[in-house]
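Here is the file final_32.txt (compact mmCIF, C-alpha atoms (C1' of nucleotides)).
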# COMPACT_ATOMS: atom_id res chain seq x y z
CA MET A 1 -48.37 -13.67 -12.22
CA SER A 2 -45.75 -11.91 -14.29
CA LYS A 3 -45.77 -8.88 -11.99
CA ALA A 4 -45.50 -11.10 -8.92
CA ALA A 5 -42.70 -13.12 -10.43
CA VAL A 6 -40.83 -9.92 -11.20
CA SER A 7 -41.22 -8.65 -7.67
CA GLU A 8 -40.18 -11.97 -6.18
CA ARG A 9 -37.12 -12.28 -8.35
CA LEU A 10 -35.72 -9.10 -9.78
CA SER A 11 -34.85 -8.99 -13.44
CA ALA A 12 -31.32 -9.76 -14.53
CA ARG A 13 -30.89 -6.12 -15.47
CA GLN A 14 -31.81 -4.91 -12.01
CA ARG A 15 -29.67 -7.49 -10.26
CA LEU A 16 -26.71 -6.58 -12.44
CA LEU A 17 -27.13 -2.88 -11.76
CA GLU A 18 -27.35 -3.57 -8.05
CA ALA A 19 -24.21 -5.71 -8.02
CA ALA A 20 -22.34 -3.28 -10.25
CA GLY A 21 -23.41 -0.43 -8.01
CA GLU A 22 -21.80 -2.01 -5.00
CA LEU A 23 -18.66 -3.41 -6.60
CA PHE A 24 -17.85 -0.57 -8.99
CA TYR A 25 -18.32 2.02 -6.29
CA GLU A 26 -16.31 0.17 -3.67
CA GLU A 27 -13.41 -1.08 -5.76
CA GLY A 28 -13.41 0.88 -9.00
CA VAL A 29 -14.82 0.21 -12.44
CA ASN A 30 -11.53 -1.01 -13.88
CA THR A 31 -10.51 -3.13 -10.91
CA VAL A 32 -13.73 -5.14 -10.75
CA GLY A 33 -14.08 -7.71 -13.49
CA ILE A 34 -17.20 -8.95 -15.21
CA ASP A 35 -16.98 -12.28 -13.41
CA ARG A 36 -17.22 -10.65 -10.00
CA VAL A 37 -20.28 -8.69 -11.08
CA ILE A 38 -22.21 -11.63 -12.48
CA GLU A 39 -21.25 -13.77 -9.51
CA ARG A 40 -22.68 -11.24 -7.04
CA ALA A 41 -25.71 -10.65 -9.22
CA GLY A 42 -26.32 -14.39 -9.48
CA VAL A 43 -26.70 -14.05 -13.22
CA ALA A 44 -25.17 -15.70 -16.26
CA LYS A 45 -22.51 -13.95 -18.24
CA ALA A 46 -24.59 -14.12 -21.40
CA SER A 47 -27.34 -12.18 -19.64
CA LEU A 48 -24.95 -9.34 -19.01
CA TYR A 49 -23.90 -9.17 -22.63
CA ASN A 50 -27.45 -9.58 -23.89
CA THR A 51 -28.64 -6.77 -21.65
CA PHE A 52 -25.80 -4.27 -21.83
CA GLY A 53 -23.66 -5.34 -24.75
CA SER A 54 -20.33 -4.48 -23.16
CA LYS A 55 -18.70 -3.64 -19.88
CA ASP A 56 -18.47 -0.02 -20.94
CA GLU A 57 -22.23 0.14 -21.32
CA LEU A 58 -22.68 -1.45 -17.92
CA ILE A 59 -20.47 1.26 -16.45
CA ARG A 60 -22.56 3.91 -18.18
CA ALA A 61 -25.73 2.37 -16.80
CA TYR A 62 -24.15 2.20 -13.34
CA LEU A 63 -23.29 5.90 -13.45
CA GLY A 64 -26.75 6.72 -14.81
CA ALA A 65 -28.24 4.98 -11.79
CA GLN A 66 -25.90 6.92 -9.52
CA HIS A 67 -27.08 10.12 -11.11
CA GLU A 68 -30.72 9.25 -10.53
CA ALA A 69 -29.95 8.27 -6.95
CA ARG A 70 -28.28 11.61 -6.31
CA GLN A 71 -31.18 13.45 -7.89
CA ALA A 72 -33.58 11.56 -5.64
CA ARG A 73 -31.53 12.22 -2.48
CA ILE A 74 -31.26 15.93 -3.18
CA SER A 75 -34.88 16.29 -4.27
CA ALA A 76 -36.00 14.70 -1.03
CA HIS A 77 -34.09 17.35 0.89
CA LEU A 78 -35.38 20.17 -1.29
CA ALA A 79 -38.96 19.09 -0.66
CA ARG A 80 -38.52 19.63 3.06
CA HIS A 81 -38.38 23.40 2.79
CA GLN A 82 -40.27 26.24 1.16
CA ASP A 83 -37.79 28.99 1.91
CA ALA A 84 -35.41 29.46 -1.01
CA ARG A 85 -32.35 29.84 1.20
CA ALA A 86 -33.15 26.69 3.15
CA ARG A 87 -33.70 24.78 -0.08
CA LEU A 88 -30.32 25.83 -1.42
CA LEU A 89 -28.56 24.84 1.79
CA GLY A 90 -30.51 21.59 1.74
CA VAL A 91 -28.24 20.39 -1.06
CA PHE A 92 -25.38 20.45 1.42
CA ASP A 93 -27.49 18.71 4.04
CA SER A 94 -28.05 15.98 1.50
CA MET A 95 -24.33 15.72 0.91
CA ARG A 96 -23.59 15.50 4.62
CA GLU A 97 -26.20 12.80 5.05
CA ASN A 98 -24.71 10.89 2.15
CA ALA A 99 -21.12 11.34 3.30
CA THR A 100 -21.83 10.04 6.80
CA ARG A 101 -23.51 6.95 5.43
CA PRO A 102 -21.47 3.83 6.22
CA GLY A 103 -19.58 2.70 3.14
CA PHE A 104 -19.27 6.19 1.68
CA ARG A 105 -16.23 6.32 -0.56
CA GLY A 106 -16.58 9.68 -2.27
CA CYS A 107 -18.26 10.93 -5.40
CA ALA A 108 -18.97 8.05 -7.78
CA PHE A 109 -18.43 10.24 -10.84
CA LEU A 110 -15.12 11.53 -9.63
CA ARG A 111 -13.95 8.03 -8.83
CA ALA A 112 -15.05 6.58 -12.14
CA SER A 113 -13.67 9.51 -14.09
CA ALA A 114 -10.22 8.99 -12.59
CA GLU A 115 -10.12 5.50 -14.11
CA LEU A 116 -11.22 6.41 -17.61
CA LYS A 117 -8.84 6.65 -20.47
CA ALA A 118 -8.97 9.97 -22.28
CA GLY A 119 -11.92 10.22 -24.64
CA SER A 120 -14.09 7.51 -23.11
CA ALA A 121 -17.80 7.74 -23.82
CA VAL A 122 -18.45 7.16 -20.13
CA LYS A 123 -17.42 10.70 -19.38
CA SER A 124 -20.58 12.11 -20.96
CA VAL A 125 -22.64 10.56 -18.17
CA CYS A 126 -20.49 12.41 -15.64
CA ASP A 127 -20.98 15.60 -17.60
CA VAL A 128 -24.73 15.20 -17.54
CA SER A 129 -24.81 14.80 -13.79
CA ARG A 130 -22.44 17.68 -13.18
CA GLY A 131 -24.44 19.86 -15.53
CA TRP A 132 -27.60 18.98 -13.69
CA LEU A 133 -26.07 19.92 -10.35
CA ARG A 134 -24.78 23.21 -11.63
CA GLY A 135 -28.17 24.03 -13.17
CA LEU A 136 -29.89 23.11 -9.94
CA PHE A 137 -27.65 25.47 -8.00
CA ALA A 138 -28.25 28.22 -10.53
CA GLY A 139 -32.02 27.80 -10.26
CA LEU A 140 -31.92 27.82 -6.47
CA ALA A 141 -29.64 30.84 -6.49
CA LYS A 142 -32.10 32.67 -8.71
CA GLU A 143 -35.02 31.68 -6.48
CA ALA A 144 -33.10 33.00 -3.51
CA GLY A 145 -32.58 36.33 -5.27
CA ALA A 146 -28.90 36.20 -6.04
CA ARG A 147 -27.70 39.03 -8.26
CA ASP A 148 -25.68 36.71 -10.51
CA PRO A 149 -27.12 33.20 -10.14
CA GLU A 150 -24.69 31.59 -12.54
CA ALA A 151 -21.66 33.01 -10.77
CA LEU A 152 -22.99 31.91 -7.40
CA ALA A 153 -23.73 28.47 -8.80
CA ALA A 154 -20.12 28.11 -9.93
CA GLN A 155 -18.97 28.98 -6.41
CA LEU A 156 -21.42 26.54 -4.85
CA VAL A 157 -20.21 23.73 -7.10
CA LEU A 158 -16.70 24.57 -5.94
CA LEU A 159 -17.75 24.10 -2.33
CA TYR A 160 -19.72 20.96 -3.10
CA ASP A 161 -16.79 19.32 -4.88
CA GLY A 162 -14.36 20.40 -2.18
CA ALA A 163 -16.49 18.85 0.51
CA ALA A 164 -16.79 15.62 -1.47
CA VAL A 165 -13.02 15.42 -1.84
CA ALA A 166 -12.43 16.08 1.86
CA ALA A 167 -14.89 13.36 2.77
CA GLN A 168 -13.33 10.93 0.31
CA MET A 169 -9.66 11.61 0.92
CA ASP A 170 -9.55 12.60 4.58
CA GLY A 171 -12.69 10.96 5.90
CA ASP A 172 -13.59 14.44 7.04
CA MET A 173 -17.31 14.29 7.74
CA SER A 174 -17.46 17.90 8.89
CA ALA A 175 -16.50 19.14 5.42
CA ALA A 176 -20.14 19.19 4.26
CA GLU A 177 -21.00 21.25 7.30
CA ARG A 178 -18.19 23.67 6.55
CA ALA A 179 -19.24 23.92 2.91
CA ARG A 180 -22.82 24.57 4.00
CA ALA A 181 -21.76 27.41 6.28
CA LEU A 182 -19.68 28.97 3.52
CA ALA A 183 -22.55 28.57 1.06
CA GLY A 184 -24.78 30.47 3.44
CA GLN A 185 -22.23 33.29 3.65
CA LEU A 186 -21.86 33.46 -0.11
CA LEU A 187 -25.60 33.51 -0.64
CA ASP A 188 -26.07 36.28 1.88
CA ALA A 189 -23.35 38.30 0.18
CA ALA A 190 -24.94 37.68 -3.21
CA VAL A 191 -28.43 38.94 -2.28
CA SER A 192 -27.56 41.94 -0.13
CA MET B 1 33.68 9.39 -14.98
CA SER B 2 30.95 7.77 -12.98
CA LYS B 3 29.27 11.12 -12.41
CA ALA B 4 29.44 11.93 -16.11
CA ALA B 5 28.09 8.54 -17.07
CA VAL B 6 25.18 9.08 -14.74
CA SER B 7 24.38 12.45 -16.22
CA GLU B 8 24.66 11.14 -19.77
CA ARG B 9 22.38 8.21 -19.19
CA LEU B 10 19.99 8.54 -16.30
CA SER B 11 19.82 5.71 -13.80
CA ALA B 12 17.20 3.03 -14.23
CA ARG B 13 15.43 4.38 -11.16
CA GLN B 14 15.11 7.86 -12.62
CA ARG B 15 14.01 6.63 -16.01
CA LEU B 16 11.38 4.40 -14.39
CA LEU B 17 10.04 7.24 -12.28
CA GLU B 18 9.86 9.46 -15.32
CA ALA B 19 7.99 6.88 -17.39
CA ALA B 20 5.68 6.00 -14.51
CA GLY B 21 5.01 9.69 -13.95
CA GLU B 22 3.70 10.12 -17.46
CA LEU B 23 1.82 6.86 -17.87
CA PHE B 24 0.31 6.56 -14.39
CA TYR B 25 -0.88 10.14 -14.44
CA GLU B 26 -2.33 9.97 -17.93
CA GLU B 27 -3.99 6.58 -17.84
CA GLY B 28 -4.23 5.53 -14.22
CA VAL B 29 -2.10 3.38 -11.97
CA ASN B 30 -4.22 0.27 -12.39
CA THR B 31 -4.75 0.62 -16.10
CA VAL B 32 -1.08 0.89 -16.99
CA GLY B 33 0.83 -2.37 -16.74
CA ILE B 34 4.44 -2.94 -15.82
CA ASP B 35 5.36 -3.77 -19.39
CA ARG B 36 4.24 -0.37 -20.66
CA VAL B 37 6.32 1.35 -17.99
CA ILE B 38 9.53 -0.53 -18.65
CA GLU B 39 9.08 -0.17 -22.37
CA ARG B 40 8.82 3.62 -22.14
CA ALA B 41 11.65 3.77 -19.62
CA GLY B 42 13.83 1.64 -21.87
CA VAL B 43 14.69 -0.58 -18.94
CA ALA B 44 14.58 -4.28 -18.18
CA LYS B 45 11.82 -5.72 -16.08
CA ALA B 46 14.29 -7.10 -13.58
CA SER B 47 15.61 -3.59 -13.00
CA LEU B 48 12.17 -2.47 -11.94
CA TYR B 49 11.80 -5.28 -9.46
CA ASN B 50 15.34 -4.90 -8.18
CA THR B 51 14.80 -1.19 -7.65
CA PHE B 52 11.26 -1.01 -6.33
CA GLY B 53 10.35 -4.55 -5.39
CA SER B 54 6.74 -4.37 -6.55
CA LYS B 55 4.35 -2.32 -8.60
CA ASP B 56 2.79 -1.00 -5.42
CA GLU B 57 6.12 0.44 -4.35
CA LEU B 58 6.58 2.01 -7.76
CA ILE B 59 3.20 3.67 -7.36
CA ARG B 60 4.24 4.96 -3.94
CA ALA B 61 7.44 6.34 -5.40
CA TYR B 62 5.49 7.93 -8.25
CA LEU B 63 3.17 9.68 -5.81
CA GLY B 64 6.11 10.71 -3.66
CA ALA B 65 7.64 12.39 -6.70
CA GLN B 66 4.32 14.08 -7.44
CA HIS B 67 4.28 15.40 -3.89
CA GLU B 68 7.77 16.84 -4.24
CA ALA B 69 6.86 18.38 -7.58
CA ARG B 70 3.82 20.07 -6.07
CA GLN B 71 5.91 21.33 -3.16
CA ALA B 72 8.44 22.77 -5.60
CA ARG B 73 5.77 24.43 -7.77
CA ILE B 74 4.07 26.04 -4.79
CA SER B 75 7.32 27.05 -3.11
CA ALA B 76 8.40 28.80 -6.28
CA HIS B 77 5.22 30.87 -6.18
CA LEU B 78 5.56 31.61 -2.47
CA ALA B 79 9.08 32.91 -2.99
CA ARG B 80 7.78 35.58 -5.35
CA HIS B 81 6.11 37.57 -2.59
CA GLN B 82 6.87 38.93 0.84
CA ASP B 83 3.37 40.02 1.74
CA ALA B 84 1.58 37.30 3.68
CA ARG B 85 -1.69 37.77 1.81
CA ALA B 86 -0.01 37.55 -1.58
CA ARG B 87 1.88 34.45 -0.50
CA LEU B 88 -1.31 32.72 0.55
CA LEU B 89 -3.03 33.58 -2.71
CA GLY B 90 0.09 32.46 -4.55
CA VAL B 91 -0.90 28.86 -3.81
CA PHE B 92 -3.91 29.37 -6.04
CA ASP B 93 -1.77 31.02 -8.68
CA SER B 94 0.35 27.90 -8.65
CA MET B 95 -2.74 25.76 -9.10
CA ARG B 96 -3.97 27.85 -12.00
CA GLU B 97 -0.59 27.66 -13.67
CA ASN B 98 -0.57 23.90 -13.20
CA ALA B 99 -4.16 23.43 -14.36
CA THR B 100 -3.61 25.35 -17.58
CA ARG B 101 -0.54 23.29 -18.43
CA PRO B 102 -1.16 21.10 -21.48
CA GLY B 103 -1.78 17.52 -20.42
CA PHE B 104 -3.28 18.47 -17.08
CA ARG B 105 -5.63 15.72 -15.96
CA GLY B 106 -6.45 16.70 -12.37
CA CYS B 107 -4.92 16.02 -9.00
CA ALA B 108 -2.63 12.99 -9.16
CA PHE B 109 -3.49 11.96 -5.60
CA LEU B 110 -7.18 12.16 -6.21
CA ARG B 111 -6.86 10.13 -9.37
CA ALA B 112 -4.67 7.47 -7.80
CA SER B 113 -6.78 7.28 -4.67
CA ALA B 114 -9.88 6.53 -6.72
CA GLU B 115 -8.22 3.38 -8.03
CA LEU B 116 -6.96 2.00 -4.74
CA LYS B 117 -8.64 -0.85 -2.99
CA ALA B 118 -9.63 -0.03 0.57
CA GLY B 119 -6.70 -0.26 2.98
CA SER B 120 -3.91 0.12 0.45
CA ALA B 121 -0.58 1.35 1.77
CA VAL B 122 -0.42 3.80 -1.12
CA LYS B 123 -3.01 5.99 0.56
CA SER B 124 -0.52 7.07 3.23
CA VAL B 125 1.46 8.96 0.58
CA CYS B 126 -1.69 10.85 -0.35
CA ASP B 127 -2.27 11.61 3.32
CA VAL B 128 1.22 13.02 3.68
CA SER B 129 0.76 15.39 0.76
CA ARG B 130 -2.68 16.51 1.87
CA GLY B 131 -1.39 17.05 5.40
CA TRP B 132 1.45 19.14 4.06
CA LEU B 133 -0.92 21.32 2.04
CA ARG B 134 -3.23 21.84 4.98
CA GLY B 135 -0.30 22.69 7.24
CA LEU B 136 1.03 25.11 4.65
CA PHE B 137 -2.31 26.89 4.48
CA ALA B 138 -2.49 27.03 8.26
CA GLY B 139 0.99 28.57 8.46
CA LEU B 140 0.18 31.12 5.78
CA ALA B 141 -3.11 31.92 7.45
CA LYS B 142 -1.29 32.54 10.73
CA GLU B 143 1.29 34.72 9.00
CA ALA B 144 -1.51 36.72 7.46
CA GLY B 145 -3.05 37.28 10.88
CA ALA B 146 -6.14 35.10 10.66
CA ARG B 147 -8.00 34.76 13.93
CA ASP B 148 -8.39 30.98 13.59
CA PRO B 149 -5.68 29.78 11.17
CA GLU B 150 -6.73 26.15 11.34
CA ALA B 151 -10.33 26.93 10.50
CA LEU B 152 -9.30 29.13 7.60
CA ALA B 153 -6.92 26.45 6.38
CA ALA B 154 -9.77 23.94 6.26
CA GLN B 155 -11.80 26.36 4.17
CA LEU B 156 -8.88 27.01 1.83
CA VAL B 157 -8.34 23.31 1.27
CA LEU B 158 -12.02 23.09 0.40
CA LEU B 159 -11.54 25.73 -2.29
CA TYR B 160 -8.32 24.19 -3.53
CA ASP B 161 -9.92 20.76 -3.93
CA GLY B 162 -13.00 22.20 -5.53
CA ALA B 163 -10.95 24.03 -8.11
CA ALA B 164 -8.94 20.89 -8.85
CA VAL B 165 -12.14 18.92 -9.43
CA ALA B 166 -13.61 21.58 -11.70
CA ALA B 167 -10.44 21.64 -13.75
CA GLN B 168 -10.35 17.85 -13.97
CA MET B 169 -14.01 17.11 -14.60
CA ASP B 170 -15.20 20.16 -16.52
CA GLY B 171 -11.95 21.40 -18.00
CA ASP B 172 -12.83 24.64 -16.26
CA MET B 173 -9.61 26.60 -16.18
CA SER B 174 -11.21 29.59 -14.49
CA ALA B 175 -11.94 27.57 -11.39
CA ALA B 176 -8.55 28.33 -9.86
CA GLU B 177 -9.21 32.02 -10.43
CA ARG B 178 -12.59 31.74 -8.76
CA ALA B 179 -11.11 29.85 -5.84
CA ARG B 180 -8.41 32.50 -5.51
CA ALA B 181 -10.97 35.28 -5.35
CA LEU B 182 -12.98 33.44 -2.73
CA ALA B 183 -9.82 32.73 -0.74
CA GLY B 184 -9.09 36.43 -0.70
CA GLN B 185 -12.58 37.18 0.60
CA LEU B 186 -12.30 34.54 3.30
CA LEU B 187 -8.90 35.80 4.39
CA ASP B 188 -10.14 39.38 4.59
CA ALA B 189 -13.09 38.26 6.67
CA ALA B 190 -10.79 36.26 8.96
CA VAL B 191 -8.41 39.10 9.78
CA SER B 192 -10.82 41.98 10.18
C1' DC C 1 42.70 -10.15 -12.14
C1' DT C 2 39.01 -10.87 -9.77
C1' DT C 3 34.99 -9.75 -7.47
C1' DG C 4 30.77 -7.51 -7.24
C1' DC C 5 27.33 -4.28 -8.83
C1' DA C 6 23.98 -2.72 -12.03
C1' DG C 7 21.75 -3.57 -15.76
C1' DT C 8 19.81 -6.30 -20.17
C1' DA C 9 17.03 -9.66 -22.56
C1' DT C 10 13.79 -13.05 -22.44
C1' DA C 11 11.13 -17.03 -21.20
C1' DC C 12 7.91 -18.57 -18.04
C1' DA C 13 4.14 -19.45 -14.45
C1' DG C 14 -0.24 -18.65 -12.95
C1' DA C 15 -3.83 -15.76 -12.72
C1' DT C 16 -7.34 -12.74 -14.66
C1' DC C 17 -9.41 -10.00 -18.19
C1' DT C 18 -13.33 -9.15 -21.90
C1' DG C 19 -16.11 -11.15 -24.98
C1' DT C 20 -18.13 -15.19 -27.82
C1' DC C 21 -20.31 -19.37 -28.35
C1' DT C 22 -23.02 -23.59 -27.69
C1' DA C 23 -26.55 -25.96 -25.47
C1' DG C 24 -30.22 -26.37 -22.42
C1' DT C 25 -34.42 -24.69 -19.34
C1' DA C 26 -38.60 -22.30 -17.83
C1' DT C 27 -42.62 -19.66 -18.90
C1' DG C 28 -46.27 -17.13 -20.80
C1' DG C 29 -49.05 -15.81 -24.97
C1' DT C 30 -51.46 -17.32 -28.94
C1' DA D 1 -49.40 -27.64 -29.12
C1' DC D 2 -46.15 -24.25 -30.51
C1' DC D 3 -42.99 -20.59 -30.33
C1' DA D 4 -40.66 -16.47 -28.75
C1' DT D 5 -38.46 -14.58 -24.86
C1' DA D 6 -35.46 -14.54 -21.13
C1' DC D 7 -32.46 -16.75 -18.73
C1' DT D 8 -28.66 -20.35 -16.99
C1' DA D 9 -24.27 -22.98 -17.16
C1' DG D 10 -19.96 -23.29 -18.69
C1' DA D 11 -16.23 -23.95 -22.09
C1' DC D 12 -13.30 -21.32 -24.82
C1' DA D 13 -10.19 -17.79 -27.26
C1' DG D 14 -6.86 -14.44 -27.03
C1' DA D 15 -4.93 -10.99 -24.63
C1' DT D 16 -2.81 -9.05 -20.61
C1' DC D 17 -1.48 -8.92 -15.85
C1' DT D 18 2.29 -9.33 -11.88
C1' DG D 19 6.14 -11.41 -10.53
C1' DT D 20 10.17 -14.89 -10.84
C1' DA D 21 13.99 -17.14 -12.87
C1' DT D 22 17.96 -17.76 -15.96
C1' DA D 23 21.82 -16.37 -18.40
C1' DC D 24 24.47 -12.74 -20.08
C1' DT D 25 27.26 -7.91 -20.40
C1' DG D 26 29.97 -3.81 -19.06
C1' DC D 27 32.46 -1.50 -15.71
C1' DA D 28 34.86 0.12 -11.70
C1' DA D 29 37.29 -0.62 -7.28
C1' DG D 30 40.43 -3.06 -4.63
Let me see the file written as structure tokens.
Amino acid sequence: MSKAAVSERLSARQRLLEAAGELFYEEGVNTVGIDRVIERAGVAKASLYNTFGSKDELIRAYLGAQHEARQARISAHLARHQDARARLLGVFDSMRENATRPGFRGCAFLRASAELKAGSAVKSVCDVSRGWLRGLFAGLAKEAGARDPEALAAQLVLLYDGAAVAAQMDGDMSAAERARALAGQLLDAAVS
Amino acid sequence: MSKAAVSERLSARQRLLEAAGELFYEEGVNTVGIDRVIERAGVAKASLYNTFGSKDELIRAYLGAQHEARQARISAHLARHQDARARLLGVFDSMRENATRPGFRGCAFLRASAELKAGSAVKSVCDVSRGWLRGLFAGLAKEAGARDPEALAAQLVLLYDGAAVAAQMDGDMSAAERARALAGQLLDAAVS
DNA sequence: CTTGCAGTATACAGATCTGTCTAGTATGGT
DNA sequence: ACCATACTAGACAGATCTGTATACTGCAAG
């Protein structure tokens, strides 16, 4: 019955990550205190410190989960197409879908990073996710036959970030669309 | 002598804005407490509350000053050129110059906005500055003869934001250069 | 001379923060 | 039956937060 018990009642770790995911993303990692997190998770404070050791580690785990969620969202879009060009543009479809989701508040890494004091270990998690995205773009650019995949990837990241900022700051949901159109133009120019 | 006294020792308001400008930008508006600000400003706590009324108002004033500083930086670059195309690209020169400045930590509005709770009055200051930048791009795009200045302006803001994020998150100082090159391409395509 | 303004210094209230600690409970494996 | 594991409940320490209140100083204008 251990499996059943786990599926009935999620582990403290999972409940904490879920609660942290909502609160940290909505209100900021510094603004939300430990007490709010454990209250929403329905978990004792000692469980948090037994599981994660510190608030900083909880934040790292929260951002790690965000990274995996983004990977999953984008991968789902990539799997829809065989054509290399369509796969590359699918990343921007994923971003549009995410940005139009109710409760969207911008890029979790960007938001968290703005709250960190210089030299925080949390930043490395952001770096991993950003590195992954850049590498993904470079791979897709190569698949699509771009002359300089790395250069195109840097441009695509520029568009991706710009669209995320527009969605976050201006509530501009058409920014992902605009970035997608520009990405298509850049790709076409890079293969011709 | 009142004028001289003022120039010898800055007013409490100016000293507070200066201290807030450094601390809020470096460590975040929520992270830095009132006590740190008044200590660096060399000012009594009552002076802060007499002058600004609340921390929230101090944050608004800080962002207002950031807006004026950005306007001044960009205007200085615009004044260097007569040619419409060069003026438009000068905005990206300004951003590169700013991003390579020691102590650069990204866009102040983006950073502050990430710390705000939903519905904060501080956001309106961000909106003003972003609206100004978009309007500036639209005007420059029109000057340069773009067919659809508003559409081009939206694309240029995308590049501008993307470069700011790359500089902030990756320490990528070439991002402004890359954005400038893309802006030139987009402008050329929009006037031909 | 007096009145008022701007500022200083400091104590305080009340809340909230992270993190530690003690003590107790439920459960499954051996 | 026993014990380890995982968890709960809650008090507590020590710091820090915003904002208010009190009492004082220096100065300039009328």
Using only C-alpha atoms (C1' of nucleotides), which protein or nucleic acid residues come within 7 Å of A:Gly162? Drop anything in the same chain fewer than 2 positions from it, and give the result as a PDB file with C-alpha atoms, in the coordinates of the input.
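Output below, filename selection13.pdb:
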ATOM      1  CA  LEU A 158     -16.700  24.570  -5.940  1.00  0.00           C
ATOM      2  CA  LEU A 159     -17.750  24.100  -2.330  1.00  0.00           C
ATOM      3  CA  TYR A 160     -19.720  20.960  -3.100  1.00  0.00           C
ATOM      4  CA  ALA A 164     -16.790  15.620  -1.470  1.00  0.00           C
ATOM      5  CA  VAL A 165     -13.020  15.420  -1.840  1.00  0.00           C
ATOM      6  CA  ALA A 166     -12.430  16.080   1.860  1.00  0.00           C
TER       7      ALA A 166
ATOM      8  CA  LEU B 158     -12.020  23.090   0.400  1.00  0.00           C
ATOM      9  CA  LEU B 159     -11.540  25.730  -2.290  1.00  0.00           C
ATOM     10  CA  ASP B 161      -9.920  20.760  -3.930  1.00  0.00           C
ATOM     11  CA  GLY B 162     -13.000  22.200  -5.530  1.00  0.00           C
TER      12      GLY B 162
END
All residues 12 Å or closer to A:Ala61, all atoms listed in the file, same chain fewer than 3 positions away omitted, as a PDB file with C-alpha atoms, in the coordinates of the input:
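Generated file (result.pdb):
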ATOM      1  CA  ARG A  13     -30.890  -6.120 -15.470  1.00  0.00           C
ATOM      2  CA  GLN A  14     -31.810  -4.910 -12.010  1.00  0.00           C
ATOM      3  CA  LEU A  16     -26.710  -6.580 -12.440  1.00  0.00           C
ATOM      4  CA  LEU A  17     -27.130  -2.880 -11.760  1.00  0.00           C
ATOM      5  CA  GLU A  18     -27.350  -3.570  -8.050  1.00  0.00           C
ATOM      6  CA  ALA A  20     -22.340  -3.280 -10.250  1.00  0.00           C
ATOM      7  CA  GLY A  21     -23.410  -0.430  -8.010  1.00  0.00           C
ATOM      8  CA  PHE A  24     -17.850  -0.570  -8.990  1.00  0.00           C
ATOM      9  CA  VAL A  29     -14.820   0.210 -12.440  1.00  0.00           C
ATOM     10  CA  LEU A  48     -24.950  -9.340 -19.010  1.00  0.00           C
ATOM     11  CA  THR A  51     -28.640  -6.770 -21.650  1.00  0.00           C
ATOM     12  CA  PHE A  52     -25.800  -4.270 -21.830  1.00  0.00           C
ATOM     13  CA  GLY A  53     -23.660  -5.340 -24.750  1.00  0.00           C
ATOM     14  CA  SER A  54     -20.330  -4.480 -23.160  1.00  0.00           C
ATOM     15  CA  LYS A  55     -18.700  -3.640 -19.880  1.00  0.00           C
ATOM     16  CA  ASP A  56     -18.470  -0.020 -20.940  1.00  0.00           C
ATOM     17  CA  GLU A  57     -22.230   0.140 -21.320  1.00  0.00           C
ATOM     18  CA  LEU A  58     -22.680  -1.450 -17.920  1.00  0.00           C
ATOM     19  CA  GLY A  64     -26.750   6.720 -14.810  1.00  0.00           C
ATOM     20  CA  ALA A  65     -28.240   4.980 -11.790  1.00  0.00           C
ATOM     21  CA  GLN A  66     -25.900   6.920  -9.520  1.00  0.00           C
ATOM     22  CA  HIS A  67     -27.080  10.120 -11.110  1.00  0.00           C
ATOM     23  CA  GLU A  68     -30.720   9.250 -10.530  1.00  0.00           C
ATOM     24  CA  ALA A 121     -17.800   7.740 -23.820  1.00  0.00           C
ATOM     25  CA  VAL A 122     -18.450   7.160 -20.130  1.00  0.00           C
ATOM     26  CA  SER A 124     -20.580  12.110 -20.960  1.00  0.00           C
ATOM     27  CA  VAL A 125     -22.640  10.560 -18.170  1.00  0.00           C
ATOM     28  CA  CYS A 126     -20.490  12.410 -15.640  1.00  0.00           C
TER      29      CYS A 126
END
Near D:DG26, within 12 Å and counting only C-alpha atoms (C1' of nucleotides), which residues show up once chain neighbours fewer than 5 positions away are dropped, as a PDB file with C-alpha atoms (C1' of nucleotides), in the frame of the given file?
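Below is the file part08.pdb, written as the result:
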ATOM      1  C1'  DC C   5      27.330  -4.280  -8.830  1.00  0.00           C
ATOM      2  C1'  DA C   6      23.980  -2.720 -12.030  1.00  0.00           C
ATOM      3  C1'  DG C   7      21.750  -3.570 -15.760  1.00  0.00           C
ATOM      4  C1'  DT C   8      19.810  -6.300 -20.170  1.00  0.00           C
TER       5       DT C   8
END
- Residues at most 10 Å from B:Arg111, counting all atoms listed in the file, excluding those fewer than 4 positions away in the same chain, as a list in words?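 With the cut-off at 10 Å, the set is Leu110, Arg111, Ala112, Ser113, Ala114 and Glu115 of chain A; Phe24, Tyr25, Glu26, Glu27, Gly28, Val29, Arg105, Gly106, Cys107, Glu115, Leu116 and Gln168 of chain B.
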- Could you name the residues that touch stretch 81-89 of chain B at 6 Å or less, counting all atoms listed in the file, but leaving out those on the same chain fewer than 3 positions away, as an MDAnalysis selection string? chainID B and resid 78 92 140 143:144
- Task: Check every residue of chain D for an atom within 10 Å of chain B, counting only C-alpha atoms (C1' of nucleotides), and provide those that qualify as a PyMOL selection string.
- Result: chain D and resi 16-20+27-28
- Smallest atom-to-atom distance to chain A: which of B:Asp93, B:Glu39, B:Asp127, B:Glu22, using all atoms listed in the file?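 Among B:Asp93, B:Glu39, B:Asp127, B:Glu22, it is B:Asp127 that comes nearest to chain A.
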Please, which residues in chain B fall within 8 Å of chain C when counting all atoms listed in the file, and what is the closest atom pair and distance in Å to one decimal for each, ordered by chain then residue number, as a tab-separated table?
residue	atom	partner	partner_atom	distance
B:Val43	CA	C:DT8	C1'	7.8
B:Ala44	CA	C:DT8	C1'	5.9
B:Ser47	CA	C:DG7	C1'	6.7
